[in-house]
Every structure is written in structure tokens, then in C-alpha cells.
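Notes to accompany the following structure.
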Amino acid sequence: MSEQWIDLRSDTVTRPSPAMLDAMRAADTGDDVYGDDPTVNLLQDTAAELFGFEAALYAPSGTQSNLIALLAHCGRGDEYIVGQEAHTYRYEGGGAAVLGSIQPQPLPNQADGSVAIADIEANIKPDDVHFARSRLLALENTIGGRVLPAAYVAQATAYAHQRGLATHLDGARICNAAVQQGLSLRDAVQGFDSVSVCLSKGLGAPVGSVLCGSRALIGQGKRWRKMLGGGMRQAGVIAAAGLYALRHNVGRLAEDHANAAFLAAELARIPGLKVSTPQTNIFYVDVPPQHTAGLQAALHAAQIRVSMAPRLRLVTHLDAPRAGLERTAAVFAAYFNNL
């Protein structure tokens with residue numbers, strides 16, 4: 001086929017644009033372990049300013065950025081309160097427990113992605129030697145493509161602080177949330193003591209995340225990053241991509257949201273499919289289990305990649321143009337109409 005592959009598995013599959021590659025080639029570099037890489041330093045300063053924190057730290061991945069935050073907020077025998085669906089709890093290898101001796105206290109996520117204040121209240125441990133010490137509330141925004149309501153975020157973080165807990169946001173896709181809600185990046189993270197922001201999802205950089213927080217927390221974070229093997233040398237080559245992403249690719253996330261809404265609406269027209277309504281760039285399609293193999297084959301033949309499952313997640317991004325989504329919708333329709 002003449003068409004290029006379209007990949008809807010995740011927004012992590014994007015490739016650097018020509019302009020981003022130019023920025024990477026032109027990057028001024030130094031040894032970041034010594035703090036001498038000017039492009040890394042500029043990325044960190046820019047992220048801290050954009051999100052309203054004193055300092056920021058560049059890390060190779062969102063998993064490491066989140067783990068650094070948990071290690072900086074909590075000690076051995078402490079616990080963090082987190083949603084069952086949260087990436088930090090479910091999808092990051094249990095790093096906090098394995099490497100930090102930090103106990104997770106997972107709680108149910110509500111339909112909107114939040115963790116109920118009543119559940120948080122009921123699970124903060126008393127000051128008693130029988131219990132792990134409750135130290136941190138960790139939330140995620142967006143979570144499964146859902147945007148946490150701003151009023152909830154304000155209430156949850158205020159309550160956590162009232163009870164003596166620090167607050168961390170896994171904001172891998174916080175820029176999507178900010179764009180969807182019409183908020184500044186600063187306003188989108190109000191109430192959090194730290195936030196991890198992924199540069200290699202919808203923002204389109206090839207690698208990296210930034211952790212924002214106080215100077216003291218980021219100072220601890222640098223030590224943890226070194227222990228975890230995240231100290232890089234002439235990292236400005238990749239930091240330049242993250243800097244370009246923050247400067248140029250935040251506002252355009254609205255296009256991904258519109259494309260997700262378009263594709264979801266097209267698929268919802270097909271009898272037999274249940275399609276969720278996207279808030280941002282992620283939505284789900286319930287595919288009858290007996291048709292997953294056949295649909296997968298049809299999509300592959302049309303050069304469309306998905307992570308096929310009865311609960312199919314589809315993710316739009318800057319490398320998923322409208323024409324490719326139209327092709328995707330046509331393949332779904334043709335498959336189910338010819339049964």
C-alpha cells in the first residue's frame with residue numbers, strides 16, 4: 001500500500017519533527033552530571049517557570065521522574081496514597097516498594113478518575129507503630145484520558161495538606177488536561193508540591209520527563225537520579241527536543257483532542273461497538289472478543305497499528321493526521337459491515 005502506517009497504540013510513538021531535529025542538532029551541550037549542560041539547564045528553568053515551581057530536574061523517563069518524587073517525599077516505612085488505576089502504582093514495576101521501601105495504599109478510582117476524599121480520609125494512618133506512616137497523596141491527570149475536575153484537585157490537595165501529607169502529581173499528560181480545561185500550566189498544577197511532566201507523549205519529544213518542585217526537593221531528586229542511573233552527560237542533545245516541545249507543542253494538543261472526538265464519533269456509528277466519549281486524546285472501544293483477531297488482521301492489512309483487546313484503547317497524537325483516522329474508521333466500518 002502507498003499509505004504510511006498510522007499507529008494508534010499510544011502518543012509515545014511520535015517521532016521528532018524536522019524543526020525539532022534541527023533544534024537537537026544545534027543544541028549547546030556540556031556535562032549535565034556536573035550541571036554544565038546549558039540546554040538541560042534551560043529546559044529545567046523553562047519547565048519550572050511554566051509550571052510555577054522553584055526548580056526542575058530532567059530525567060530520562062516518566063517512570064524515573066515519578067520514582068524520584070516518591071523517594072524524595074517518602075522514607076523507608078512510609079506510604080503513599082494512590083488510585084488503583086494510577087501509573088505510579090500499576091505500571092511502574094513497583095519501584096517505590098522495591099527500591100524505596102515505600103508502601104502504596106491503593107484506593108478505588110471514581111468514574112471521573114478521582115480518588116474520593118472520603119476514601120483518602122479513611123486511609124490516612126494514625127500515629128501508631130503498627131502502621132506505615134502516611135506521607136503523600138499521589139494523583140494522576142489525565143488518567144486514562146480523563147481530566148480531573150479542577151474543583152476536585154483543589155479540594156483533594158487542600159485536604160491532604162491539612163492532614164500533613166505532601167502532594168505529587170503524575171502529570172505525564174497534564175498539558176492535555178490544561179488545554180482541555182482552558183487553564184494555564186501553572187493553574188493546572190496548583191496545590192501540588194511536585195509534578196512530573198512527560199515530554200515524550202503528546203508533546204512529541206523522543207525521550208525524557210521533567211520533575212518540578214521546590215529547590216530542596218529537586219536537590220534531593222538529583223541525588224536519587226544519580227542512584228537510579230539517570231545522570232546523563234551531554235544530554236542537551238535530547239533536552240533540546242523537550243525544550244522545543246514545551247515551546248511549540250502544547251497548544252496544538254487541541255488538534256489531537258478534536259481528532260479523538262472525530263474518530264470516536266465515526267466508530268460509534270458502527271452497530272455492535274461501544275465507544276467511550278473522549279475528553280482528550282484517549283478513548284476506548286469495546287470490541288466483541290470473537291472479532292478481535294479478525295479486526296486486528298484487517299487493520300494490519302491497512303497499515304494501522306493498535307494494541308488489540310476487547311477493551312481497545314485508541315490514542316491520537318501529532319503523527320496521526322485526520323486522513324489516517326478517516327482510513328481507520330473506514331476499515332472498522334468495512335469489517336463490521338461485512339460480517
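Each chain in the C-alpha cells gets a letter, A, B and so on, in the order shown; residues start at 1 in every chain, and ligands are counted from 1 in the order they appear.
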Any idea what's packed within 12 Å of Asn337 of chain A, counting only C-alpha atoms, ignoring anything in its chain fewer than 5 positions away? Could you give it as a PDB file with C-alpha atoms, in the first residue's frame?
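The result, stored in part.pdb:
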ATOM      1  CA  ARG A 269     -21.868   4.828  14.209  1.00  0.00           C
ATOM      2  CA  ILE A 270     -20.934   1.158  13.750  1.00  0.00           C
ATOM      3  CA  PRO A 271     -23.522  -1.262  15.187  1.00  0.00           C
ATOM      4  CA  GLY A 272     -22.144  -3.535  17.869  1.00  0.00           C
ATOM      5  CA  LEU A 273     -19.379  -1.221  19.079  1.00  0.00           C
ATOM      6  CA  LEU A 295     -10.333  -6.848  13.162  1.00  0.00           C
ATOM      7  CA  ALA A 329     -12.787   4.467  10.610  1.00  0.00           C
ATOM      8  CA  ALA A 330     -13.321   3.063   7.119  1.00  0.00           C
ATOM      9  CA  VAL A 331     -11.524  -0.189   7.986  1.00  0.00           C
ATOM     10  CA  PHE A 332     -13.605  -0.633  11.154  1.00  0.00           C
TER      11      PHE A 332
END
Using only C-alpha atoms, tabulate the residues of segment 202-314 of chain A lying at most 9 Å from any atom of segment 322-327 of chain A, each with its closest atom pair and that distance in Å to one decimal, by chain and increasing residue number, as a tab-separated table.
residue	atom	partner	partner_atom	distance
A:Asn259	CA	A:Arg322	CA	6.4
A:Ala260	CA	A:Leu325	CA	8.7
A:Phe262	CA	A:Leu325	CA	8.2
A:Leu263	CA	A:Leu325	CA	6.2
A:Glu266	CA	A:Glu326	CA	8.4
A:Ala302	CA	A:Arg327	CA	8.1
A:Ile304	CA	A:Gly324	CA	8.5
Considering only C-alpha atoms, return as a ChimeraX atom specification whatever protein or nucleic-acid residues lie within 8 Å of segment 125-135 of chain A, sequence-local ones (same chain, fewer than 4 positions apart) excluded.
/A:73-74,77-81,103,164-166
Could you name the residues that touch Arg233 of chain A at 12 Å or less, counting only C-alpha atoms, but leaving out those on the same chain fewer than 6 positions away, as a ChimeraX atom specification?
/A:29-40,58-60,226,239
For Ile282 of chain A, work out the shell of residues within 12 Å, counting only C-alpha atoms and skipping chain neighbours fewer than 4 positions away, then give it as a VMD selection string.
chain A and resid 8 to 11 142 to 147 173 176 to 177 201 to 202 253 256 to 264 275 to 278 312 to 317
Using only C-alpha atoms, please write the residues we just selected to a file, as a PDB file, in the first residue's frame.
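Okay, this is what ended up in part_19.pdb:
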ATOM      1  CA  LEU A   8      -2.806   4.465  17.494  1.00  0.00           C
ATOM      2  CA  ARG A   9      -1.272   2.393  20.303  1.00  0.00           C
ATOM      3  CA  SER A  10      -0.047   5.423  22.255  1.00  0.00           C
ATOM      4  CA  ASP A  11       1.107   9.016  21.949  1.00  0.00           C
ATOM      5  CA  THR A 142      -5.033  12.964  32.884  1.00  0.00           C
ATOM      6  CA  ILE A 143      -5.808   9.396  33.912  1.00  0.00           C
ATOM      7  CA  GLY A 144      -6.987   7.067  31.182  1.00  0.00           C
ATOM      8  CA  GLY A 145      -7.674  10.179  29.140  1.00  0.00           C
ATOM      9  CA  ARG A 146      -9.965  11.632  31.812  1.00  0.00           C
ATOM     10  CA  VAL A 147      -9.352  15.134  33.149  1.00  0.00           C
ATOM     11  CA  ARG A 173      -0.342  14.328  30.198  1.00  0.00           C
ATOM     12  CA  ASN A 176      -3.596  17.768  27.675  1.00  0.00           C
ATOM     13  CA  ALA A 177      -5.615  18.488  30.810  1.00  0.00           C
ATOM     14  CA  LYS A 201       3.986  11.600  24.841  1.00  0.00           C
ATOM     15  CA  GLY A 202       1.702  14.093  23.115  1.00  0.00           C
ATOM     16  CA  LEU A 253      -2.785  19.278  21.660  1.00  0.00           C
ATOM     17  CA  ASP A 256      -5.324  15.712  18.974  1.00  0.00           C
ATOM     18  CA  HIS A 257      -8.413  16.122  21.142  1.00  0.00           C
ATOM     19  CA  ALA A 258     -10.502  17.094  18.116  1.00  0.00           C
ATOM     20  CA  ASN A 259      -9.156  14.120  16.170  1.00  0.00           C
ATOM     21  CA  ALA A 260     -10.031  11.744  19.013  1.00  0.00           C
ATOM     22  CA  ALA A 261     -13.560  13.145  19.113  1.00  0.00           C
ATOM     23  CA  PHE A 262     -13.842  12.692  15.337  1.00  0.00           C
ATOM     24  CA  LEU A 263     -12.661   9.071  15.346  1.00  0.00           C
ATOM     25  CA  ALA A 264     -14.799   8.169  18.368  1.00  0.00           C
ATOM     26  CA  VAL A 275     -17.279   3.696  22.257  1.00  0.00           C
ATOM     27  CA  SER A 276     -16.364   5.988  25.141  1.00  0.00           C
ATOM     28  CA  THR A 277     -16.550   9.755  24.691  1.00  0.00           C
ATOM     29  CA  PRO A 278     -13.029  11.215  24.746  1.00  0.00           C
ATOM     30  CA  LEU A 312      -9.320  -1.369  22.934  1.00  0.00           C
ATOM     31  CA  ARG A 313      -7.524   1.877  23.761  1.00  0.00           C
ATOM     32  CA  LEU A 314      -7.005   4.301  20.880  1.00  0.00           C
ATOM     33  CA  VAL A 315      -4.734   7.330  21.220  1.00  0.00           C
ATOM     34  CA  THR A 316      -4.406  10.265  18.837  1.00  0.00           C
ATOM     35  CA  HIS A 317      -1.250  12.360  18.515  1.00  0.00           C
TER      36      HIS A 317
END
Please return, as an MDAnalysis selection string, all residues of segment 173-304 of chain A that DSSP assigns to alpha helix (DSSP H) on the basis of the backbone.
chainID A and resid 174:181 185:188 215:227 236:248 253:268 292:301
Between atom CA of Pro206 of chain A and atom CA of Met24 of chain A, distance in Å (one decimal):
10.6 Å
Could you jot down the atom CA of Glu121 of chain A to atom CA of Val98 of chain A separation for me, Å, one decimal place?
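Computing it gives 26.1 Å between the two atoms.
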Segment 86-92 of chain A environment, 7 Å, only C-alpha atoms, sequence neighbours closer than 5 positions dropped, as number ranges by chain
A: 63, 66, 140
Pick from A:Leu107, A:Ala158, A:Leu43, A:Ala245, whichever lies nearest to Leu199 of chain A using only C-alpha atoms
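Of the candidates, the smallest distance to Leu199 of chain A is held by A:Ala245.
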